[in-house]
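Reviewing the structure listed below.
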Amino acid sequence: MRVGLLSREYPPHVYGGAGVHVEQLARQLRGRVELRVHCFGEPRAEADVTAHPTPDALAGANPALQAMGIAPAMAAATAGEEVVHSHTWYANIAGHYAKLLYGTPHVITAHSLEPLRPWKAEQLGGGYALSSHCERTAVLAADAVIAVSGAMRDDLLRCYPELDPGRVAVIHNGIDTDEFTPVSDTAEVTALGIRTDRPTVACVARLTRQKGLAHLLRAAPDLTPGTQLVMCVSAPDTLEIAEEFALLARAARDRGVDLVLVEETLSRVALRQLLSYADVFACPSVYEPLGIVNLEAMACGTPVVATAVGGIPEVVSDGESGLLVPITAGPDGDGEPADAEAFAKDFALRINELLADPERAGRMGRAGREAVGRFSWGRVAAQVHEIYRSVV
């Protein structure tokens, strides 16, 4: 079976969970199907990977319009494929064009939904209307839609009630437990300025509103005194969000928070070391279809404190592999808590519970390591392959 895998992100340029998913899925699909990967950007050296640059005429244009400009070339390059499989709205529209042009069955993996990310208008301006159009058009016409969690499936059917539920399957994200495993080395961690002589809470995320990073900074002054908070943030959506985060970070430090900021994408080695060393991993997201980084932390034997939102409760078992923080969203539809101060205090309280009881935290870490065994990428690829068979 010839399959075209369509994605904005692909190594070496991976900045989010969708990119990690595509990289790992491609690795597992090879040998099962005849795979060709199509991505955005400059040429890749890897065989059967074609990168599609932004057309010169769209240089400097709105990012959403640039993505739509790449789509025709990406679609044209899928001639001869028996299935096209797209990831995120950036590539969904290319998959839709391929379906229209060649009659190729189109499979979509939904990693997030534009109607549930209204803050993207802050990043894309009018491009948010374009991204929403691309996603809606492609999702409603797709032959099959894969949701990365049960919560994501519910969101899909709520946002797009015209969508046939029979075409929507749940296949959770995966984790490589050979790569992400507890390690004792801390050389990469200390090179980043992280100290290894004190209790540590770690958070690793893109700098976007959905990750709730501002709430963790607001919670930080209530953490147990002597706690080191390590926040690895990268790829800010906008300059304004980066500036807002910097102001909150300064305010936290002014209140005595031991805060280490790493404003770069960590290497896999450094990420594995940080997740293994941390006493607690924090995930304060206000919107999270699943959250691969929680799986990575659990695979490294670290308990997770996370918001009880989206697909997170399908990964983090409250009281077993971590603690979940309830959230009551406000009326604006952006997922933000109705009472941000109470949410921040609840988050700090649950982190402190685990810092105060290392034995309990250790049990949770071991339970998390055991639990992630059911989230293997091999299992994901096998299920995806069955979806391909069903639409051909």
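Letters A, B, ... go to the chains of the structure tokens in the order shown; residues in each chain start at 1; ligands are counted from 1 in the same order.
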
- Name the residues in contact with region 26-36 of chain A at a cut-off of 8 Å, using only C-alpha atoms, excluding same-chain residues fewer than 4 positions from it; report them as number ranges by chain. A: 1-5, 22, 48-50, 377-378, 381, 385

- Would you list the contacts of region 94-104 of chain A as number ranges by chain, taking every protein, DNA or RNA residue within 8 Å and counting only C-alpha atoms, but skipping same-chain residues closer than 6 positions in sequence? A: 6, 68, 70-72, 74-76, 78-79, 81-86, 137-138, 141-142

Can you write out the residues you just picked, keeping N, CA and C atoms, as a JSON list (two decimals), in the first residue's frame?
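Below you can see result03.json, which holds the result:
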```json
[["chain", "number", "residue", "atom", "x", "y", "z"],
["A", 6, "LEU", "N", 1.27, 13.58, 5.32],
["A", 6, "LEU", "CA", 1.37, 15.02, 5.11],
["A", 6, "LEU", "C", 1.42, 15.75, 6.45],
["A", 68, "MET", "N", -1.77, 27.63, 3.02],
["A", 68, "MET", "CA", -2.69, 27.34, 1.93],
["A", 68, "MET", "C", -1.98, 27.39, 0.59],
["A", 70, "ILE", "N", 1.17, 26.47, 0.13],
["A", 70, "ILE", "CA", 1.99, 25.26, 0.02],
["A", 70, "ILE", "C", 1.14, 24.06, -0.38],
["A", 71, "ALA", "N", -0.13, 24.08, 0.02],
["A", 71, "ALA", "CA", -1.01, 22.92, -0.15],
["A", 71, "ALA", "C", -1.11, 22.40, -1.58],
["A", 72, "PRO", "N", -1.24, 23.26, -2.61],
["A", 72, "PRO", "CA", -1.37, 22.72, -3.97],
["A", 72, "PRO", "C", -0.16, 21.89, -4.41],
["A", 74, "MET", "N", 1.95, 20.32, -2.44],
["A", 74, "MET", "CA", 1.96, 19.10, -1.64],
["A", 74, "MET", "C", 0.94, 18.10, -2.18],
["A", 75, "ALA", "N", -0.24, 18.59, -2.52],
["A", 75, "ALA", "CA", -1.28, 17.70, -3.07],
["A", 75, "ALA", "C", -0.83, 17.11, -4.40],
["A", 76, "ALA", "N", -0.26, 17.94, -5.26],
["A", 76, "ALA", "CA", 0.18, 17.46, -6.58],
["A", 76, "ALA", "C", 1.21, 16.35, -6.45],
["A", 78, "THR", "N", 1.37, 14.03, -4.37],
["A", 78, "THR", "CA", 0.85, 12.74, -3.86],
["A", 78, "THR", "C", 0.27, 11.87, -4.97],
["A", 79, "ALA", "N", 0.45, 12.26, -6.22],
["A", 79, "ALA", "CA", -0.06, 11.46, -7.34],
["A", 79, "ALA", "C", 0.44, 10.02, -7.22],
["A", 81, "GLU", "N", -0.46, 7.87, -4.85],
["A", 81, "GLU", "CA", -0.65, 7.31, -3.51],
["A", 81, "GLU", "C", -2.03, 6.65, -3.42],
["A", 82, "GLU", "N", -2.14, 5.63, -2.61],
["A", 82, "GLU", "CA", -3.42, 4.96, -2.40],
["A", 82, "GLU", "C", -4.19, 5.53, -1.21],
["A", 83, "VAL", "N", -3.45, 6.18, -0.30],
["A", 83, "VAL", "CA", -4.04, 6.85, 0.86],
["A", 83, "VAL", "C", -3.19, 8.09, 1.14],
["A", 84, "VAL", "N", -3.85, 9.20, 1.51],
["A", 84, "VAL", "CA", -3.12, 10.35, 2.05],
["A", 84, "VAL", "C", -3.59, 10.54, 3.49],
["A", 85, "HIS", "N", -2.63, 10.84, 4.36],
["A", 85, "HIS", "CA", -2.91, 10.94, 5.80],
["A", 85, "HIS", "C", -2.31, 12.26, 6.29],
["A", 86, "SER", "N", -3.16, 13.20, 6.66],
["A", 86, "SER", "CA", -2.68, 14.53, 7.03],
["A", 86, "SER", "C", -2.80, 14.79, 8.53],
["A", 137, "THR", "N", -13.38, 22.23, 6.36],
["A", 137, "THR", "CA", -13.58, 21.67, 5.02],
["A", 137, "THR", "C", -12.99, 20.27, 4.92],
["A", 138, "ALA", "N", -11.77, 20.11, 5.41],
["A", 138, "ALA", "CA", -11.09, 18.82, 5.30],
["A", 138, "ALA", "C", -11.71, 17.76, 6.20],
["A", 141, "ALA", "N", -15.04, 16.31, 4.95],
["A", 141, "ALA", "CA", -14.95, 15.53, 3.71],
["A", 141, "ALA", "C", -14.06, 14.30, 3.84],
["A", 142, "ALA", "N", -13.33, 14.17, 4.96],
["A", 142, "ALA", "CA", -12.37, 13.07, 5.10],
["A", 142, "ALA", "C", -13.07, 11.71, 5.14]]
```

If you take only C-alpha atoms and a cut-off of 12 Å, which residues of region 6-109 of chain A touch region 276-299 of chain A, and what are their nearest atom pairs and distances in Å to one decimal, in chain and number order, as a Markdown table?
```
| residue | atom | partner | partner_atom | distance |
| --- | --- | --- | --- | --- |
| A:Gly16 | CA | A:Ile292 | CA | 9.2 |
| A:Gly17 | CA | A:Ile292 | CA | 6.1 |
| A:Ala18 | CA | A:Ile292 | CA | 9.0 |
| A:Gly19 | CA | A:Ile292 | CA | 10.7 |
| A:Val20 | CA | A:Ile292 | CA | 8.3 |
| A:His21 | CA | A:Ile292 | CA | 8.4 |
| A:Gln24 | CA | A:Ile292 | CA | 11.7 |
| A:Thr109 | CA | A:Pro289 | CA | 11.7 |
```

What lies within 9 Å of Leu216 (chain A) using only C-alpha atoms, ignoring chain neighbours under 2 positions off, as an mmCIF file with C-alpha atoms, in the first residue's frame?
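part_2.cif, written as the output of this step:
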```cif
data_model
loop_
_atom_site.group_PDB
_atom_site.id
_atom_site.type_symbol
_atom_site.label_atom_id
_atom_site.label_comp_id
_atom_site.auth_asym_id
_atom_site.auth_seq_id
_atom_site.Cartn_x
_atom_site.Cartn_y
_atom_site.Cartn_z
ATOM 1 C CA CYS A 203 7.453 21.997 33.009
ATOM 2 C CA GLY A 212 -1.478 27.482 30.817
ATOM 3 C CA LEU A 213 2.081 28.538 31.643
ATOM 4 C CA ALA A 214 0.929 31.810 33.183
ATOM 5 C CA ARG A 218 1.081 32.430 39.413
ATOM 6 C CA ALA A 219 1.143 29.199 41.439
ATOM 7 C CA ALA A 220 4.915 29.310 41.909
ATOM 8 C CA ALA A 282 3.703 20.006 35.955
ATOM 9 C CA CYS A 283 1.247 20.328 33.067
ATOM 10 C CA PRO A 284 -1.081 23.305 33.668
ATOM 11 C CA ALA A 344 -3.276 28.480 40.685
ATOM 12 C CA PHE A 347 -2.177 23.580 41.385
ATOM 13 C CA ALA A 348 0.443 24.586 43.952
#
```

- Task: Taking the DSSP assignment computed from this structure's backbone, write out as number ranges by chain all residues of region 199-245 of chain A that belong to strand (DSSP E).
- Result: A: 200-206, 228-234

- Hey, what's within 8 Å of Ala367 (chain A) if we count only C-alpha atoms and toss same-chain stuff fewer than 2 positions away? As a ChimeraX atom specification, please? /A:301,320-321,363-365,369-371

- Task: Looking only at alpha helix (DSSP H) from DSSP on the backbone, list the matching residues of region 286-325 of chain A as a PyMOL selection string.
- Result: chain A and resi 292-299

- Which neighbours of region 56-59 of chain A fall inside 8 Å, counting only C-alpha atoms, when residues of the same chain fewer than 5 positions from it are skipped, and could you give them as a list in words? Leu65, Gln66 and Gly69 of chain A

- Task: Identify, on the basis of only C-alpha atoms, every residue whose closest approach to Asp258 (chain A) does not exceed 8 Å; exclude the query and any residue fewer than 5 positions from it along the same chain; express the result as a list in words.
- Result: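 With the cut-off at 8 Å, the set is Gly226, Thr227, Gln228, Leu229 and Arg253 of chain A.
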
- Query: Hey, can you check how far CA of Val260 (chain A) sits from CA of Met231 (chain A)?
  - Reply: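 Atom-to-atom, CA of Val260 (chain A) and CA of Met231 (chain A) are spaced 6.3 Å apart.
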
- Item | Nearby residues (only C-alpha atoms) at most 7 Å from Val145 (chain A), same-chain spacing under 4 positions excluded, as a ChimeraX atom specification | /A:107-110,167-169

- Residue nearest Val230 (chain A) among A:Val262, A:Leu271, A:Leu248, A:Leu207 (counting only C-alpha atoms):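 Among the listed residues, the smallest separation from Val230 (chain A) belongs to A:Val262.
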
- Query: Do you have the CA of Arg268 (chain A)-CA of Cys232 (chain A) distance handy?
  - Reply: 12.9 Å

- Message: Just checking: using only C-alpha atoms, which residue out of A:Ala67, A:Ile351, A:Ala191, A:Leu217 ends up closest to Phe245 (chain A)?
- Response: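 Ranked by minimum distance to Phe245 (chain A), first place goes to A:Leu217.
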